[in-house]
>>> print(open('work.cif').read())   # mmCIF, C-alpha atoms
data_upload
#
loop_
_atom_site.label_atom_id
_atom_site.label_comp_id
_atom_site.auth_asym_id
_atom_site.auth_seq_id
_atom_site.Cartn_x
_atom_site.Cartn_y
_atom_site.Cartn_z
CA MET A 1 -34.65 52.32 33.38
CA LYS A 2 -31.63 50.10 32.79
CA PRO A 3 -30.46 50.58 29.19
CA VAL A 4 -31.00 47.80 26.65
CA PHE A 5 -28.31 47.63 24.01
CA ARG A 6 -29.41 47.17 20.41
CA GLN A 7 -26.19 45.50 19.36
CA ASN A 8 -27.07 42.06 20.62
CA GLN A 9 -24.34 40.31 18.59
CA LEU A 10 -21.81 41.96 20.88
CA PHE A 11 -22.92 39.66 23.68
CA THR A 12 -21.73 36.79 21.49
CA PHE A 13 -18.44 38.61 20.99
CA LEU A 14 -18.16 39.12 24.77
CA LEU A 15 -18.53 35.35 25.26
CA TYR A 16 -15.73 34.70 22.79
CA CYS A 17 -13.50 37.38 24.37
CA ASN A 18 -14.07 35.95 27.85
CA ASP A 19 -12.60 32.65 26.64
CA VAL A 20 -9.33 34.21 25.44
CA LYS A 21 -6.42 34.48 27.83
CA LEU A 22 -5.36 38.01 26.97
CA GLU A 23 -5.58 41.30 28.85
CA LYS A 24 -9.25 42.43 29.02
CA LYS A 25 -8.72 45.49 26.83
CA ILE A 26 -11.22 46.35 24.12
CA LEU A 27 -11.56 48.98 21.40
CA ASP A 28 -14.78 50.02 19.65
CA CYS A 29 -14.33 51.58 16.19
CA GLY A 30 -17.39 53.77 15.75
CA ALA A 31 -17.95 53.99 19.51
CA GLY A 32 -20.17 57.07 19.81
CA GLY A 33 -23.91 57.53 20.05
CA ASN A 34 -26.66 57.62 22.69
CA LEU A 35 -26.11 54.12 23.94
CA PRO A 36 -22.42 53.24 23.54
CA PRO A 37 -22.09 49.45 23.60
CA LEU A 38 -18.66 49.69 25.23
CA ALA A 39 -20.73 49.94 28.42
CA ILE A 40 -21.50 46.21 28.08
CA PHE A 41 -17.79 45.45 28.19
CA ALA A 42 -17.11 47.92 31.01
CA GLU A 43 -19.81 46.16 33.04
CA HIS A 44 -17.96 42.89 32.52
CA GLY A 45 -14.62 44.20 33.69
CA TYR A 46 -12.98 45.28 30.45
CA GLU A 47 -10.73 48.33 30.05
CA THR A 48 -12.47 50.17 27.24
CA TYR A 49 -11.31 52.42 24.42
CA GLY A 50 -13.28 53.87 21.58
CA ILE A 51 -12.84 56.02 18.54
CA ASP A 52 -15.41 57.82 16.48
CA ILE A 53 -15.01 60.09 13.51
CA SER A 54 -18.01 62.21 14.55
CA LYS A 55 -17.69 64.83 17.31
CA GLU A 56 -21.50 64.82 17.58
CA GLN A 57 -21.66 61.08 18.31
CA ILE A 58 -18.86 61.37 20.87
CA LYS A 59 -20.82 64.13 22.61
CA ARG A 60 -23.87 61.83 22.78
CA ALA A 61 -21.77 59.05 24.30
CA LYS A 62 -20.36 61.50 26.88
CA ILE A 63 -23.90 62.30 28.06
CA PHE A 64 -24.53 58.57 28.55
CA GLU A 65 -21.21 58.18 30.37
CA GLU A 66 -22.04 61.03 32.75
CA GLU A 67 -25.53 59.68 33.43
CA HIS A 68 -24.12 56.23 34.21
CA ASN A 69 -20.97 57.38 35.94
CA LEU A 70 -18.76 55.62 33.41
CA GLU A 71 -15.53 56.54 31.64
CA LEU A 72 -15.39 54.63 28.38
CA GLY A 73 -12.33 56.32 26.86
CA ILE A 74 -13.91 57.43 23.60
CA ILE A 75 -11.82 59.83 21.54
CA GLU A 76 -11.98 61.28 18.06
CA GLY A 77 -10.24 59.04 15.58
CA ASP A 78 -10.28 57.37 12.22
CA MET A 79 -10.43 53.60 11.66
CA LYS A 80 -8.01 53.96 8.74
CA SER A 81 -5.29 55.09 11.14
CA LEU A 82 -5.89 53.74 14.63
CA PRO A 83 -4.22 55.82 17.37
CA PHE A 84 -2.84 52.72 19.11
CA GLU A 85 0.51 50.92 19.20
CA ASP A 86 1.10 47.64 17.37
CA GLU A 87 -0.36 44.61 19.19
CA SER A 88 -1.62 46.75 22.05
CA VAL A 89 -5.38 45.94 22.24
CA SER A 90 -6.62 42.35 22.70
CA PHE A 91 -10.11 42.84 21.27
CA ILE A 92 -11.46 45.23 18.64
CA TYR A 93 -14.92 45.55 17.19
CA SER A 94 -16.77 47.65 14.71
CA TYR A 95 -20.52 47.17 14.74
CA ASN A 96 -22.71 48.63 11.96
CA SER A 97 -19.90 51.07 11.19
CA ILE A 98 -17.38 49.76 8.71
CA PHE A 99 -19.80 49.66 5.76
CA HIS A 100 -20.04 53.45 5.82
CA MET A 101 -16.70 53.50 4.06
CA SER A 102 -15.60 52.52 0.56
CA LYS A 103 -14.34 48.98 0.03
CA GLU A 104 -10.80 50.30 -0.37
CA GLU A 105 -11.01 52.15 2.96
CA ILE A 106 -12.48 49.05 4.61
CA GLY A 107 -9.42 47.08 3.47
CA ILE A 108 -7.13 49.71 5.01
CA SER A 109 -9.11 49.68 8.27
CA ILE A 110 -8.95 45.92 8.64
CA LYS A 111 -5.16 46.07 8.10
CA GLU A 112 -5.10 48.57 10.96
CA ILE A 113 -7.11 46.21 13.16
CA TYR A 114 -4.61 43.48 12.29
CA ARG A 115 -1.70 45.74 13.27
CA VAL A 116 -3.19 46.71 16.66
CA LEU A 117 -4.29 43.20 17.71
CA PRO A 118 -1.79 40.84 19.34
CA LYS A 119 -1.57 37.24 18.13
CA GLY A 120 -4.68 35.42 19.40
CA GLY A 121 -6.60 38.69 19.66
CA LEU A 122 -10.13 38.84 18.29
CA ALA A 123 -12.08 41.24 16.12
CA PHE A 124 -15.81 41.45 15.53
CA ILE A 125 -16.71 43.13 12.25
CA ASN A 126 -20.04 43.17 10.48
CA PHE A 127 -20.92 44.02 6.92
CA ALA A 128 -24.10 45.01 5.13
CA SER A 129 -24.95 42.31 2.62
CA THR A 130 -26.29 42.45 -0.92
CA ARG A 131 -29.48 40.84 0.43
CA ASP A 132 -30.33 44.16 2.13
CA PHE A 133 -33.24 46.07 0.57
CA ARG A 134 -31.01 49.12 0.20
CA ALA A 135 -28.21 47.21 -1.57
CA THR A 136 -28.60 48.97 -4.93
CA MET A 137 -30.41 52.14 -3.89
CA GLY A 138 -29.11 55.63 -4.44
CA GLU A 139 -26.27 56.88 -6.58
CA LYS A 140 -23.81 54.20 -7.59
CA VAL A 141 -20.19 55.12 -6.94
CA ARG A 142 -18.45 51.80 -7.61
CA ASP A 143 -19.58 48.14 -7.56
CA GLY A 144 -21.54 47.58 -4.35
CA GLU A 145 -20.94 51.19 -3.23
CA TYR A 146 -23.84 53.63 -3.19
CA LEU A 147 -24.42 57.15 -1.90
CA GLN A 148 -27.60 57.02 0.17
CA GLU A 149 -29.59 59.58 2.10
CA GLU A 150 -29.22 59.23 5.85
CA HIS A 151 -30.49 61.93 8.19
CA GLY A 152 -30.56 64.34 5.25
CA GLU A 153 -26.97 63.67 4.18
CA LYS A 154 -25.60 61.59 1.32
CA ILE A 155 -23.62 58.80 2.96
CA LEU A 156 -21.61 56.08 1.24
CA HIS A 157 -22.70 52.51 1.94
CA SER A 158 -20.82 49.39 0.84
CA TYR A 159 -22.64 46.08 0.35
CA PHE A 160 -21.00 42.67 0.24
CA GLU A 161 -21.70 39.34 -1.39
CA GLU A 162 -21.77 36.34 0.90
CA ASN A 163 -18.00 35.67 1.07
CA GLU A 164 -16.65 38.86 -0.47
CA ALA A 165 -15.42 40.47 2.75
CA GLU A 166 -13.21 37.50 3.50
CA LYS A 167 -10.60 38.82 1.08
CA TYR A 168 -9.68 41.29 3.84
CA PHE A 169 -8.94 38.57 6.38
CA ASN A 170 -5.34 37.75 5.48
CA GLY A 171 -3.58 36.67 8.65
CA PHE A 172 -6.87 35.98 10.39
CA LYS A 173 -8.87 32.82 11.03
CA ILE A 174 -12.63 33.12 10.82
CA ILE A 175 -13.95 31.54 13.99
CA TYR A 176 -17.57 32.69 13.69
CA LYS A 177 -19.73 33.90 10.85
CA GLU A 178 -23.42 34.71 10.86
CA ASN A 179 -25.20 35.52 7.63
CA ARG A 180 -28.61 36.93 8.46
CA VAL A 181 -31.59 38.56 6.87
CA ARG A 182 -33.86 40.49 9.21
CA GLU A 183 -37.37 41.48 8.21
CA GLY A 184 -39.27 44.03 10.22
CA TYR A 185 -41.11 47.31 10.09
CA ALA A 186 -39.41 50.69 9.80
CA SER A 187 -42.78 52.22 10.67
CA GLU A 188 -46.29 50.79 11.09
CA ASN A 189 -46.84 49.94 7.44
CA ARG A 190 -43.35 50.03 5.97
CA LYS A 191 -41.85 46.57 5.85
CA ILE A 192 -38.11 46.36 5.32
CA LYS A 193 -35.49 43.65 4.90
CA LEU A 194 -31.97 44.12 6.22
CA GLY A 195 -29.01 41.92 5.42
CA PHE A 196 -25.89 41.57 7.53
CA ILE A 197 -22.88 39.30 7.70
CA ASP A 198 -21.15 39.23 11.08
CA TYR A 199 -17.67 37.84 11.67
CA ILE A 200 -15.48 37.08 14.60
CA ILE A 201 -11.90 36.65 13.41
CA GLU A 202 -8.76 35.72 15.27
CA LYS A 203 -5.29 37.04 14.47
CA ILE A 204 -3.10 34.00 13.78
CA MET B 1 -18.15 37.17 37.26
CA LYS B 2 -21.38 38.69 35.94
CA PRO B 3 -23.18 36.10 33.79
CA VAL B 4 -23.28 36.54 30.01
CA PHE B 5 -26.43 35.13 28.44
CA ARG B 6 -26.02 33.08 25.26
CA GLN B 7 -29.52 33.89 24.00
CA ASN B 8 -28.64 37.26 22.55
CA GLN B 9 -31.82 37.47 20.43
CA LEU B 10 -33.77 37.87 23.66
CA PHE B 11 -32.32 41.36 24.03
CA THR B 12 -34.08 42.19 20.79
CA PHE B 13 -37.28 40.70 22.18
CA LEU B 14 -36.83 42.79 25.36
CA LEU B 15 -36.63 45.95 23.23
CA TYR B 16 -39.89 45.03 21.49
CA CYS B 17 -41.59 44.17 24.82
CA ASN B 18 -40.50 47.46 26.36
CA ASP B 19 -42.38 49.28 23.60
CA VAL B 20 -45.70 47.53 24.32
CA LYS B 21 -48.10 49.08 26.80
CA LEU B 22 -49.06 45.89 28.65
CA GLU B 23 -48.26 44.61 32.13
CA LYS B 24 -44.57 43.60 32.32
CA LYS B 25 -45.25 39.91 32.77
CA ILE B 26 -43.24 37.32 30.85
CA LEU B 27 -43.23 33.54 30.47
CA ASP B 28 -40.33 31.40 29.25
CA CYS B 29 -41.28 28.03 27.76
CA GLY B 30 -38.21 25.88 28.29
CA ALA B 31 -36.96 28.09 31.11
CA GLY B 32 -34.54 25.80 32.93
CA GLY B 33 -30.78 25.36 32.69
CA ASN B 34 -27.61 26.79 34.22
CA LEU B 35 -28.16 30.30 32.97
CA PRO B 36 -31.92 30.96 32.79
CA PRO B 37 -32.47 33.91 30.44
CA LEU B 38 -35.53 35.02 32.44
CA ALA B 39 -32.90 36.74 34.60
CA ILE B 40 -32.46 39.29 31.78
CA PHE B 41 -36.13 40.22 32.06
CA ALA B 42 -36.11 40.19 35.89
CA GLU B 43 -33.20 42.65 35.74
CA HIS B 44 -35.34 44.93 33.59
CA GLY B 45 -38.33 44.93 35.94
CA TYR B 46 -40.44 42.11 34.51
CA GLU B 47 -42.50 39.69 36.62
CA THR B 48 -41.19 36.35 35.39
CA TYR B 49 -42.68 32.90 34.97
CA GLY B 50 -41.18 29.83 33.42
CA ILE B 51 -42.01 26.25 32.66
CA ASP B 52 -39.74 23.38 31.81
CA ILE B 53 -40.52 19.76 31.16
CA SER B 54 -37.24 18.64 32.75
CA LYS B 55 -36.86 18.46 36.54
CA GLU B 56 -33.09 18.37 36.04
CA GLN B 57 -33.07 21.67 34.12
CA ILE B 58 -35.31 23.30 36.74
CA LYS B 59 -32.88 22.19 39.43
CA ARG B 60 -30.04 23.84 37.50
CA ALA B 61 -32.00 27.08 37.23
CA LYS B 62 -32.73 26.99 40.99
CA ILE B 63 -29.00 26.89 41.72
CA PHE B 64 -28.54 30.00 39.55
CA GLU B 65 -31.49 31.70 41.27
CA GLU B 66 -30.03 31.01 44.72
CA GLU B 67 -26.59 32.24 43.71
CA HIS B 68 -28.06 35.44 42.31
CA ASN B 69 -30.75 35.91 44.93
CA LEU B 70 -33.51 35.76 42.31
CA GLU B 71 -36.94 34.12 42.23
CA LEU B 72 -37.80 33.50 38.58
CA GLY B 73 -40.98 31.45 39.09
CA ILE B 74 -39.94 28.38 37.11
CA ILE B 75 -42.20 25.36 37.53
CA GLU B 76 -42.57 21.99 35.86
CA GLY B 77 -44.90 22.21 32.90
CA ASP B 78 -45.59 21.31 29.30
CA MET B 79 -45.82 23.81 26.43
CA LYS B 80 -48.68 21.84 24.96
CA SER B 81 -50.84 22.70 27.96
CA LEU B 82 -49.71 25.93 29.56
CA PRO B 83 -50.68 26.24 33.25
CA PHE B 84 -51.94 29.82 32.78
CA GLU B 85 -55.33 31.47 32.32
CA ASP B 86 -56.47 32.82 28.95
CA GLU B 87 -54.92 36.21 28.06
CA SER B 88 -53.01 36.33 31.34
CA VAL B 89 -49.36 36.81 30.26
CA SER B 90 -48.28 39.74 28.06
CA PHE B 91 -45.08 38.22 26.68
CA ILE B 92 -44.10 34.62 26.01
CA TYR B 93 -40.95 33.20 24.51
CA SER B 94 -39.44 29.89 23.67
CA TYR B 95 -35.79 30.01 22.69
CA ASN B 96 -34.05 26.96 21.19
CA SER B 97 -36.77 24.79 22.70
CA ILE B 98 -39.79 24.36 20.49
CA PHE B 99 -37.97 22.38 17.79
CA HIS B 100 -37.45 19.53 20.24
CA MET B 101 -41.06 18.56 19.59
CA SER B 102 -42.84 17.12 16.57
CA LYS B 103 -44.41 19.56 14.12
CA GLU B 104 -47.86 18.54 15.33
CA GLU B 105 -46.93 19.26 18.94
CA ILE B 106 -45.40 22.58 17.90
CA GLY B 107 -48.76 23.54 16.35
CA ILE B 108 -50.54 22.70 19.61
CA SER B 109 -48.00 24.68 21.65
CA ILE B 110 -48.35 27.81 19.52
CA LYS B 111 -52.14 27.60 19.91
CA GLU B 112 -51.51 27.54 23.66
CA ILE B 113 -49.29 30.62 23.39
CA TYR B 114 -52.09 32.31 21.44
CA ARG B 115 -54.60 31.44 24.17
CA VAL B 116 -52.47 32.77 27.02
CA LEU B 117 -51.43 36.04 25.33
CA PRO B 118 -53.74 39.06 25.48
CA LYS B 119 -54.42 41.03 22.29
CA GLY B 120 -51.29 43.04 21.50
CA GLY B 121 -49.14 40.59 23.43
CA LEU B 122 -45.90 39.35 21.87
CA ALA B 123 -44.23 36.00 21.45
CA PHE B 124 -40.67 35.20 20.46
CA ILE B 125 -40.26 31.75 18.95
CA ASN B 126 -37.31 30.35 17.05
CA PHE B 127 -37.05 27.34 14.80
CA ALA B 128 -34.18 25.21 13.54
CA SER B 129 -34.00 25.60 9.77
CA THR B 130 -33.31 23.12 7.00
CA ARG B 131 -30.05 25.00 6.38
CA ASP B 132 -28.68 23.51 9.61
CA PHE B 133 -25.98 20.86 9.14
CA ARG B 134 -28.03 18.44 11.26
CA ALA B 135 -31.22 18.94 9.23
CA THR B 136 -31.33 15.40 7.81
CA MET B 137 -29.14 13.56 10.32
CA GLY B 138 -30.30 10.63 12.40
CA GLU B 139 -33.37 8.47 12.14
CA LYS B 140 -36.17 10.02 10.10
CA VAL B 141 -39.54 9.99 11.85
CA ARG B 142 -41.58 12.19 9.51
CA ASP B 143 -40.72 14.94 6.98
CA GLY B 144 -38.28 17.31 8.64
CA GLU B 145 -38.38 15.34 11.91
CA TYR B 146 -35.36 13.31 12.98
CA LEU B 147 -34.31 11.42 16.09
CA GLN B 148 -30.84 12.65 16.96
CA GLU B 149 -28.35 11.82 19.68
CA GLU B 150 -28.05 14.52 22.30
CA HIS B 151 -26.20 13.90 25.56
CA GLY B 152 -26.49 10.16 24.93
CA GLU B 153 -30.26 10.21 24.36
CA LYS B 154 -32.25 10.04 21.13
CA ILE B 155 -34.09 13.36 20.92
CA LEU B 156 -36.57 14.45 18.27
CA HIS B 157 -35.62 17.56 16.27
CA SER B 158 -37.88 19.34 13.79
CA TYR B 159 -36.42 21.41 10.94
CA PHE B 160 -38.27 24.04 8.97
CA GLU B 161 -38.11 25.48 5.47
CA GLU B 162 -37.83 29.26 5.22
CA ASN B 163 -41.55 30.11 5.60
CA GLU B 164 -42.93 26.79 6.77
CA ALA B 165 -43.46 27.70 10.43
CA GLU B 166 -45.68 30.60 9.45
CA LYS B 167 -48.59 28.21 9.01
CA TYR B 168 -48.82 28.18 12.82
CA PHE B 169 -49.28 31.94 13.06
CA ASN B 170 -53.03 32.23 12.54
CA GLY B 171 -54.23 35.23 14.53
CA PHE B 172 -50.74 36.64 14.76
CA LYS B 173 -48.88 39.33 12.84
CA ILE B 174 -45.20 38.70 12.17
CA ILE B 175 -43.43 41.85 13.27
CA TYR B 176 -39.87 40.55 13.13
CA LYS B 177 -38.17 37.67 11.40
CA GLU B 178 -34.53 36.79 11.26
CA ASN B 179 -33.30 33.99 9.05
CA ARG B 180 -29.71 33.23 9.95
CA VAL B 181 -26.97 30.75 9.28
CA ARG B 182 -24.19 30.62 11.83
CA GLU B 183 -20.85 28.99 11.10
CA GLY B 184 -18.45 28.23 13.89
CA TYR B 185 -16.44 25.53 15.57
CA ALA B 186 -17.93 22.90 17.87
CA SER B 187 -14.37 22.07 18.87
CA GLU B 188 -10.95 23.16 17.63
CA ASN B 189 -11.13 21.43 14.27
CA ARG B 190 -14.82 20.62 13.87
CA LYS B 191 -16.53 23.29 11.83
CA ILE B 192 -20.33 23.36 11.99
CA LYS B 193 -23.14 25.32 10.40
CA LEU B 194 -26.33 26.07 12.33
CA GLY B 195 -29.53 27.43 10.85
CA PHE B 196 -32.24 29.27 12.76
CA ILE B 197 -35.30 31.31 11.96
CA ASP B 198 -36.39 33.66 14.74
CA TYR B 199 -39.79 35.33 14.91
CA ILE B 200 -41.45 37.96 17.01
CA ILE B 201 -45.21 37.74 16.52
CA GLU B 202 -48.02 39.87 17.88
CA LYS B 203 -51.47 38.56 18.78
CA ILE B 204 -53.95 40.59 16.71
#
>>> encode(input="work.cif", output="structure tokens")
Amino acid sequence: MKPVFRQNQLFTFLLYCNDVKLEKKILDCGAGGNLPPLAIFAEHGYETYGIDISKEQIKRAKIFEEEHNLELGIIEGDMKSLPFEDESVSFIYSYNSIFHMSKEEIGISIKEIYRVLPKGGLAFINFASTRDFRATMGEKVRDGEYLQEEHGEKILHSYFEENEAEKYFNGFKIIYKENRVREGYASENRKIKLGFIDYIIEKI
Amino acid sequence: MKPVFRQNQLFTFLLYCNDVKLEKKILDCGAGGNLPPLAIFAEHGYETYGIDISKEQIKRAKIFEEEHNLELGIIEGDMKSLPFEDESVSFIYSYNSIFHMSKEEIGISIKEIYRVLPKGGLAFINFASTRDFRATMGEKVRDGEYLQEEHGEKILHSYFEENEAEKYFNGFKIIYKENRVREGYASENRKIKLGFIDYIIEKI
């Protein structure tokens, strides 16, 4: 069956990217996993690059790439130090990834995104919001930063107030923002509420 | 170029539909326009049906269908009286359409959706919310109902408080809800704020 990508907001990002007159070159920060969304961009004619900090997730993406006869260009790498030249990639996104770092590290990563984008280039970044049901769960590390169990490991999660993340956007213009609360079921009887704030920002 | 669909929430609906063990048969209420999103479902193996009240919008969809060698089954019809047998269509959606009716008509339409869905069938319906910048613009008709200019015509728009639309969901279980506020630019200097509440409901 044709894969269905879970990261539906990236279709919105694709629409914005298609409207920009820059080389169709895109980088996913946190690109690994079973269903790498870079495939959406490859399908629409983009030259794709990806980094992921996890060898395991890169391996999963490779299986997808082989099955679909794709080469997405995903390598091991760290968002805090992007292995790309200044102003070399027109579009960069990080979907459901950046909030697995501390707020300080997030600031460093967004400076890296700024460095690698050319003027007029776009980034899509989303944040977990304080309206999420997990926002104060687990072991508090710093304000809005909690260690939380995920797949049996303690993983740091950062949660943001409505406009808090915008302090990182020096040199950017916010061209799109969606603040959303999603209610659903994690299993048949377990109702959960997730909060996200999605941004598309343009380097000015 | 491969089309990019603006209705990204429908990819979420597709994921939910794929998980339901019913015939892959789907109906779009408000199916016309340049880029009919039923094509997403056709691409994923669904038998598609659509209705639209506007001949003009159906004509636009037909051009898309011819260009893409698709037959989406879009006919003229009214949501308030669906031209389908009881329990005959597994999945029904109405995206950015239903709020162009009065609240009374919306109630009638959702009863129709209930009638046409089998037990276990799913509907995706989204509403404009009172957080939208247009929520009290134009000529007030009734509470939360305003006549607003659209393409030179006065069109009725209904706006809903956070949980207000749920009064229509008798006989349904809400399995997904997303309350979102989207900020962006209508043109270079005109910032706007849109509010939507999206639901996926299951007939119980």
>>> atom_distance(input="work.cif", atom1="CA of Gly50 (chain A)", atom2="CA of Ala31 (chain A)")
5.1 Å
>>> axis_aligned_box(input="work.cif", around="region 158-168 of chain A", padding_each_side="4 Å", output="JSON")
{"center_x": -16.2, "center_y": 42.5, "center_z": 1.2, "size_x": 21.0, "size_y": 21.7, "size_z": 13.2}
>>> closest_residue(input="work.cif", among="A:Gly33, A:Gly77, A:Pro3, A:Gly45", to="Cys17 (chain A)", atoms="all atoms listed in the file")
A:Gly45
>>> closest_residue(input="work.cif", among="A:Met101, A:Glu166, A:Glu112, A:Val4", to="Asp19 (chain B)", atoms="only C-alpha atoms")
A:Val4
>>> resolve_selection(input="work.cif", expression="the PyMOL selection byres ((chain B) within 10 of (chain A))", output="PyMOL selection string")
chain B and resi 1-12+14-15+18+43-45+174-185+188+191-200
>>> write_last_selection(input="work.cif", atoms="C-alpha atoms", output="PDB file, in the frame of the given file")
ATOM      1  CA  MET B   1     -18.150  37.170  37.260  1.00  0.00           C
ATOM      2  CA  LYS B   2     -21.380  38.690  35.940  1.00  0.00           C
ATOM      3  CA  PRO B   3     -23.180  36.100  33.790  1.00  0.00           C
ATOM      4  CA  VAL B   4     -23.280  36.540  30.010  1.00  0.00           C
ATOM      5  CA  PHE B   5     -26.430  35.130  28.440  1.00  0.00           C
ATOM      6  CA  ARG B   6     -26.020  33.080  25.260  1.00  0.00           C
ATOM      7  CA  GLN B   7     -29.520  33.890  24.000  1.00  0.00           C
ATOM      8  CA  ASN B   8     -28.640  37.260  22.550  1.00  0.00           C
ATOM      9  CA  GLN B   9     -31.820  37.470  20.430  1.00  0.00           C
ATOM     10  CA  LEU B  10     -33.770  37.870  23.660  1.00  0.00           C
ATOM     11  CA  PHE B  11     -32.320  41.360  24.030  1.00  0.00           C
ATOM     12  CA  THR B  12     -34.080  42.190  20.790  1.00  0.00           C
ATOM     13  CA  LEU B  14     -36.830  42.790  25.360  1.00  0.00           C
ATOM     14  CA  LEU B  15     -36.630  45.950  23.230  1.00  0.00           C
ATOM     15  CA  ASN B  18     -40.500  47.460  26.360  1.00  0.00           C
ATOM     16  CA  GLU B  43     -33.200  42.650  35.740  1.00  0.00           C
ATOM     17  CA  HIS B  44     -35.340  44.930  33.590  1.00  0.00           C
ATOM     18  CA  GLY B  45     -38.330  44.930  35.940  1.00  0.00           C
ATOM     19  CA  ILE B 174     -45.200  38.700  12.170  1.00  0.00           C
ATOM     20  CA  ILE B 175     -43.430  41.850  13.270  1.00  0.00           C
ATOM     21  CA  TYR B 176     -39.870  40.550  13.130  1.00  0.00           C
ATOM     22  CA  LYS B 177     -38.170  37.670  11.400  1.00  0.00           C
ATOM     23  CA  GLU B 178     -34.530  36.790  11.260  1.00  0.00           C
ATOM     24  CA  ASN B 179     -33.300  33.990   9.050  1.00  0.00           C
ATOM     25  CA  ARG B 180     -29.710  33.230   9.950  1.00  0.00           C
ATOM     26  CA  VAL B 181     -26.970  30.750   9.280  1.00  0.00           C
ATOM     27  CA  ARG B 182     -24.190  30.620  11.830  1.00  0.00           C
ATOM     28  CA  GLU B 183     -20.850  28.990  11.100  1.00  0.00           C
ATOM     29  CA  GLY B 184     -18.450  28.230  13.890  1.00  0.00           C
ATOM     30  CA  TYR B 185     -16.440  25.530  15.570  1.00  0.00           C
ATOM     31  CA  GLU B 188     -10.950  23.160  17.630  1.00  0.00           C
ATOM     32  CA  LYS B 191     -16.530  23.290  11.830  1.00  0.00           C
ATOM     33  CA  ILE B 192     -20.330  23.360  11.990  1.00  0.00           C
ATOM     34  CA  LYS B 193     -23.140  25.320  10.400  1.00  0.00           C
ATOM     35  CA  LEU B 194     -26.330  26.070  12.330  1.00  0.00           C
ATOM     36  CA  GLY B 195     -29.530  27.430  10.850  1.00  0.00           C
ATOM     37  CA  PHE B 196     -32.240  29.270  12.760  1.00  0.00           C
ATOM     38  CA  ILE B 197     -35.300  31.310  11.960  1.00  0.00           C
ATOM     39  CA  ASP B 198     -36.390  33.660  14.740  1.00  0.00           C
ATOM     40  CA  TYR B 199     -39.790  35.330  14.910  1.00  0.00           C
ATOM     41  CA  ILE B 200     -41.450  37.960  17.010  1.00  0.00           C
TER      42      ILE B 200
END
>>> atom_distance(input="work.cif", atom1="CA of Leu122 (chain A)", atom2="CA of His157 (chain A)")
24.7 Å
>>> atom_distance(input="work.cif", atom1="CA of Glu65 (chain B)", atom2="CA of Tyr95 (chain B)")
19.1 Å
>>> residues_around(input="work.cif", residues="Ser54 (chain B)", least_positions_apart="2", cutoff="10 Å", atoms="only C-alpha atoms", output="number ranges by chain")
B: 30-33, 51-52, 56-59, 75-78
>>> closest_residue(input="work.cif", among="A:Ile40, A:Ile53, A:Ile113, A:Cys29", to="Ser94 (chain A)", atoms="all atoms listed in the file")
A:Cys29
>>> residues_near_point(input="work.cif", point="(-50.9, 40.1, 16.7)", cutoff="12 Å", atoms="only C-alpha atoms", output="mmCIF file with C-alpha atoms, in the frame of the given file")
data_model
loop_
_atom_site.group_PDB
_atom_site.id
_atom_site.type_symbol
_atom_site.label_atom_id
_atom_site.label_comp_id
_atom_site.auth_asym_id
_atom_site.auth_seq_id
_atom_site.Cartn_x
_atom_site.Cartn_y
_atom_site.Cartn_z
ATOM 1 C CA VAL B 20 -45.700 47.530 24.320
ATOM 2 C CA SER B 90 -48.280 39.740 28.060
ATOM 3 C CA PHE B 91 -45.080 38.220 26.680
ATOM 4 C CA ILE B 113 -49.290 30.620 23.390
ATOM 5 C CA TYR B 114 -52.090 32.310 21.440
ATOM 6 C CA LEU B 117 -51.430 36.040 25.330
ATOM 7 C CA PRO B 118 -53.740 39.060 25.480
ATOM 8 C CA LYS B 119 -54.420 41.030 22.290
ATOM 9 C CA GLY B 120 -51.290 43.040 21.500
ATOM 10 C CA GLY B 121 -49.140 40.590 23.430
ATOM 11 C CA LEU B 122 -45.900 39.350 21.870
ATOM 12 C CA ALA B 123 -44.230 36.000 21.450
ATOM 13 C CA PHE B 124 -40.670 35.200 20.460
ATOM 14 C CA PHE B 169 -49.280 31.940 13.060
ATOM 15 C CA ASN B 170 -53.030 32.230 12.540
ATOM 16 C CA GLY B 171 -54.230 35.230 14.530
ATOM 17 C CA PHE B 172 -50.740 36.640 14.760
ATOM 18 C CA LYS B 173 -48.880 39.330 12.840
ATOM 19 C CA ILE B 174 -45.200 38.700 12.170
ATOM 20 C CA ILE B 175 -43.430 41.850 13.270
ATOM 21 C CA TYR B 176 -39.870 40.550 13.130
ATOM 22 C CA ILE B 200 -41.450 37.960 17.010
ATOM 23 C CA ILE B 201 -45.210 37.740 16.520
ATOM 24 C CA GLU B 202 -48.020 39.870 17.880
ATOM 25 C CA LYS B 203 -51.470 38.560 18.780
ATOM 26 C CA ILE B 204 -53.950 40.590 16.710
#
>>> resolve_selection(input="work.cif", expression="the PyMOL selection byres ((chain B and resi 27) around 7)", output="list in words")
Ile26, Asp28, Cys29, Thr48, Tyr49, Gly50, Val89, Phe91, Ile92 and Tyr93 of chain B
>>> resolve_selection(input="work.cif", expression="the PyMOL selection byres ((chain B and resi 129) around 6)", output="JSON, numbers by chain")
{"B": [128, 130, 131, 132, 159, 160, 161, 195, 196]}
>>> residues_near_point(input="work.cif", point="(-3.0, 57.4, 7.1)", cutoff="12 Å", atoms="only C-alpha atoms", output="PyMOL selection string")
chain A and resi 77-83+105+108-109+111-112
>>> closest_residue(input="work.cif", among="B:Ala165, B:Ile106, B:Val141, B:Leu72", to="Lys25 (chain B)", atoms="all atoms listed in the file")
B:Leu72
